[in-house]
Amino acid sequence: MEDFWTKTKYFFKRFVIWAGIIIVLGFILFVTFIRYTSYSNGYRAGEIIKFSKKGYIFKTYEGEMNLGGFVKGDQQEITPTIWAFSVYKGDDEVKSQIIHAMENGNRVRLFYNERYARLFWFGDTKYFIDKLEFIE
């Protein structure tokens, strides 16, 4: 009987260790996939109206851009279209260009990659800015 319990404890210990290894490797693969693959990419043009660093523990850089307006209804009132985006922490060049464009009121073209999912320590949106071009 003692041999049965010894084998059972050994099997359970091996099962827990392998299950933990598989879960950790799966999580690493998932995060790597989300970080380095994109669902779509493109650009949007408009005027940056907000850029901030926010978060309680994980500080992320978030912004909003006014893409322009759409005429709504018979009253010809213009409804602005606001687009939210994120910038990776280490991308200092893009951050400084965004701040410069916002302070000067420049129209810009933001090139982005849309990720499959949002991870809270990277940003609040699935849209991450790669490059910025000023529009004349």
# chains A, B, ... in the order shown; residues from 1 in each chain; ligands from 1

call {"tool": "closest_atom_pairs", "arguments": {"of": "segment 20-85 of chain A", "to": "segment 113-130 of chain A", "cutoff": "7 Å", "atoms": "only C-alpha atoms", "output": "tab-separated table"}}
result
residue	atom	partner	partner_atom	distance
A:Ile34	CA	A:Tyr116	CA	6.2
A:Thr37	CA	A:Arg115	CA	6.7
A:Ser38	CA	A:Arg115	CA	4.6
A:Tyr39	CA	A:Arg115	CA	5.3
A:Ser40	CA	A:Glu114	CA	5.1
A:Asn41	CA	A:Asn113	CA	4.3
A:Gly42	CA	A:Asn113	CA	6.8
A:Phe58	CA	A:Trp121	CA	5.4
A:Thr60	CA	A:Gly123	CA	5.4
A:Tyr61	CA	A:Gly123	CA	6.9
A:Ala84	CA	A:Thr125	CA	6.9
A:Phe85	CA	A:Tyr127	CA	5.1

call {"tool": "atom_distance", "arguments": {"atom1": "atom CA of Leu67 of chain A", "atom2": "atom CA of Lys95 of chain A"}}
result
18.9 Å

call {"tool": "select_by_dssp", "arguments": {"residues": "segment 5-122 of chain A", "states": "strand (DSSP E or B)", "output": "VMD selection string"}}
result
chain A and resid 40 to 54 60 to 72 77 to 87 107 to 114

call {"tool": "select_by_dssp", "arguments": {"residues": "chain A", "states": "alpha helix (DSSP H)", "output": "PyMOL selection string"}}
result
chain A and resi 2-36+92-104

call {"tool": "write_last_selection", "arguments": {"atoms": "N, CA and C atoms", "output": "short mmCIF file (atom, residue, chain, number, x, y, z; two decimals), in the first residue's frame"}}
result
data_model
loop_
_atom_site.label_atom_id
_atom_site.label_comp_id
_atom_site.auth_asym_id
_atom_site.auth_seq_id
_atom_site.Cartn_x
_atom_site.Cartn_y
_atom_site.Cartn_z
N GLU A 2 1.97 1.19 0.73
CA GLU A 2 2.85 2.36 0.80
C GLU A 2 3.47 2.64 -0.57
N ASP A 3 3.76 1.60 -1.33
CA ASP A 3 4.32 1.77 -2.66
C ASP A 3 3.34 2.50 -3.58
N PHE A 4 2.04 2.23 -3.45
CA PHE A 4 1.01 2.91 -4.25
C PHE A 4 1.02 4.41 -3.97
N TRP A 5 1.08 4.81 -2.70
CA TRP A 5 1.07 6.24 -2.36
C TRP A 5 2.36 6.93 -2.79
N THR A 6 3.45 6.25 -2.74
CA THR A 6 4.72 6.83 -3.19
C THR A 6 4.67 7.09 -4.70
N LYS A 7 4.17 6.12 -5.47
CA LYS A 7 4.05 6.30 -6.91
C LYS A 7 3.05 7.41 -7.25
N THR A 8 1.96 7.49 -6.51
CA THR A 8 0.95 8.51 -6.76
C THR A 8 1.51 9.90 -6.49
N LYS A 9 2.25 10.07 -5.38
CA LYS A 9 2.85 11.37 -5.08
C LYS A 9 3.88 11.75 -6.14
N TYR A 10 4.67 10.80 -6.58
CA TYR A 10 5.66 11.06 -7.61
C TYR A 10 4.99 11.47 -8.92
N PHE A 11 3.94 10.75 -9.32
CA PHE A 11 3.21 11.09 -10.54
C PHE A 11 2.58 12.48 -10.43
N PHE A 12 1.96 12.78 -9.31
CA PHE A 12 1.31 14.07 -9.12
C PHE A 12 2.33 15.20 -9.16
N LYS A 13 3.48 15.00 -8.54
CA LYS A 13 4.52 16.03 -8.53
C LYS A 13 5.02 16.29 -9.95
N ARG A 14 5.26 15.23 -10.72
CA ARG A 14 5.69 15.39 -12.12
C ARG A 14 4.61 16.07 -12.95
N PHE A 15 3.36 15.71 -12.73
CA PHE A 15 2.25 16.32 -13.47
C PHE A 15 2.17 17.83 -13.19
N VAL A 16 2.28 18.23 -11.94
CA VAL A 16 2.21 19.65 -11.59
C VAL A 16 3.38 20.42 -12.20
N ILE A 17 4.57 19.86 -12.15
CA ILE A 17 5.74 20.54 -12.72
C ILE A 17 5.57 20.71 -14.23
N TRP A 18 5.20 19.65 -14.94
CA TRP A 18 5.03 19.75 -16.40
C TRP A 18 3.88 20.67 -16.77
N ALA A 19 2.80 20.62 -16.02
CA ALA A 19 1.67 21.52 -16.31
C ALA A 19 2.10 22.98 -16.12
N GLY A 20 2.87 23.27 -15.08
CA GLY A 20 3.38 24.62 -14.86
C GLY A 20 4.29 25.08 -15.98
N ILE A 21 5.17 24.20 -16.43
CA ILE A 21 6.08 24.55 -17.53
C ILE A 21 5.28 24.84 -18.81
N ILE A 22 4.30 24.01 -19.10
CA ILE A 22 3.49 24.21 -20.31
C ILE A 22 2.70 25.50 -20.23
N ILE A 23 2.15 25.83 -19.07
CA ILE A 23 1.39 27.07 -18.91
C ILE A 23 2.29 28.29 -19.08
N VAL A 24 3.47 28.27 -18.48
CA VAL A 24 4.41 29.40 -18.60
C VAL A 24 4.86 29.57 -20.05
N LEU A 25 5.23 28.48 -20.72
CA LEU A 25 5.64 28.58 -22.12
C LEU A 25 4.50 29.05 -23.01
N GLY A 26 3.29 28.58 -22.75
CA GLY A 26 2.12 29.04 -23.51
C GLY A 26 1.89 30.53 -23.33
N PHE A 27 2.04 31.03 -22.11
CA PHE A 27 1.87 32.46 -21.85
C PHE A 27 2.94 33.28 -22.58
N ILE A 28 4.19 32.79 -22.54
CA ILE A 28 5.27 33.50 -23.23
C ILE A 28 5.01 33.53 -24.74
N LEU A 29 4.57 32.43 -25.31
CA LEU A 29 4.26 32.40 -26.74
C LEU A 29 3.11 33.33 -27.08
N PHE A 30 2.08 33.36 -26.23
CA PHE A 30 0.92 34.23 -26.45
C PHE A 30 1.34 35.70 -26.44
N VAL A 31 2.12 36.11 -25.44
CA VAL A 31 2.56 37.50 -25.34
C VAL A 31 3.46 37.86 -26.52
N THR A 32 4.34 36.97 -26.91
CA THR A 32 5.22 37.21 -28.05
C THR A 32 4.40 37.36 -29.34
N PHE A 33 3.41 36.53 -29.52
CA PHE A 33 2.54 36.61 -30.70
C PHE A 33 1.80 37.94 -30.74
N ILE A 34 1.22 38.35 -29.61
CA ILE A 34 0.47 39.60 -29.54
C ILE A 34 1.40 40.79 -29.78
N ARG A 35 2.59 40.75 -29.25
CA ARG A 35 3.51 41.89 -29.33
C ARG A 35 4.10 42.07 -30.73
N TYR A 36 4.42 40.98 -31.41
CA TYR A 36 5.19 41.08 -32.65
C TYR A 36 4.41 40.76 -33.93
N ASP A 92 10.84 56.84 -28.24
CA ASP A 92 10.96 58.26 -27.87
C ASP A 92 10.84 59.19 -29.06
N GLU A 93 11.30 58.77 -30.23
CA GLU A 93 11.23 59.63 -31.41
C GLU A 93 9.78 59.92 -31.79
N VAL A 94 8.95 58.88 -31.80
CA VAL A 94 7.53 59.08 -32.14
C VAL A 94 6.84 59.93 -31.08
N LYS A 95 7.16 59.69 -29.81
CA LYS A 95 6.55 60.48 -28.74
C LYS A 95 6.88 61.96 -28.89
N SER A 96 8.14 62.28 -29.17
CA SER A 96 8.51 63.69 -29.31
C SER A 96 7.87 64.32 -30.54
N GLN A 97 7.75 63.57 -31.63
CA GLN A 97 7.08 64.10 -32.82
C GLN A 97 5.59 64.35 -32.56
N ILE A 98 4.95 63.47 -31.82
CA ILE A 98 3.53 63.65 -31.49
C ILE A 98 3.35 64.90 -30.64
N ILE A 99 4.21 65.07 -29.65
CA ILE A 99 4.11 66.26 -28.78
C ILE A 99 4.33 67.52 -29.60
N HIS A 100 5.32 67.50 -30.48
CA HIS A 100 5.59 68.66 -31.35
C HIS A 100 4.39 68.98 -32.24
N ALA A 101 3.80 67.96 -32.85
CA ALA A 101 2.64 68.17 -33.73
C ALA A 101 1.44 68.69 -32.96
N MET A 102 1.23 68.19 -31.76
CA MET A 102 0.10 68.63 -30.96
C MET A 102 0.27 70.07 -30.51
N GLU A 103 1.46 70.45 -30.08
CA GLU A 103 1.71 71.81 -29.61
C GLU A 103 1.59 72.83 -30.73
N ASN A 104 1.95 72.44 -31.96
CA ASN A 104 1.90 73.37 -33.09
C ASN A 104 0.62 73.27 -33.90
#

call {"tool": "atom_distance", "arguments": {"atom1": "atom CA of Lys50 of chain A", "atom2": "atom CA of Asp91 of chain A"}}
result
17.4 Å
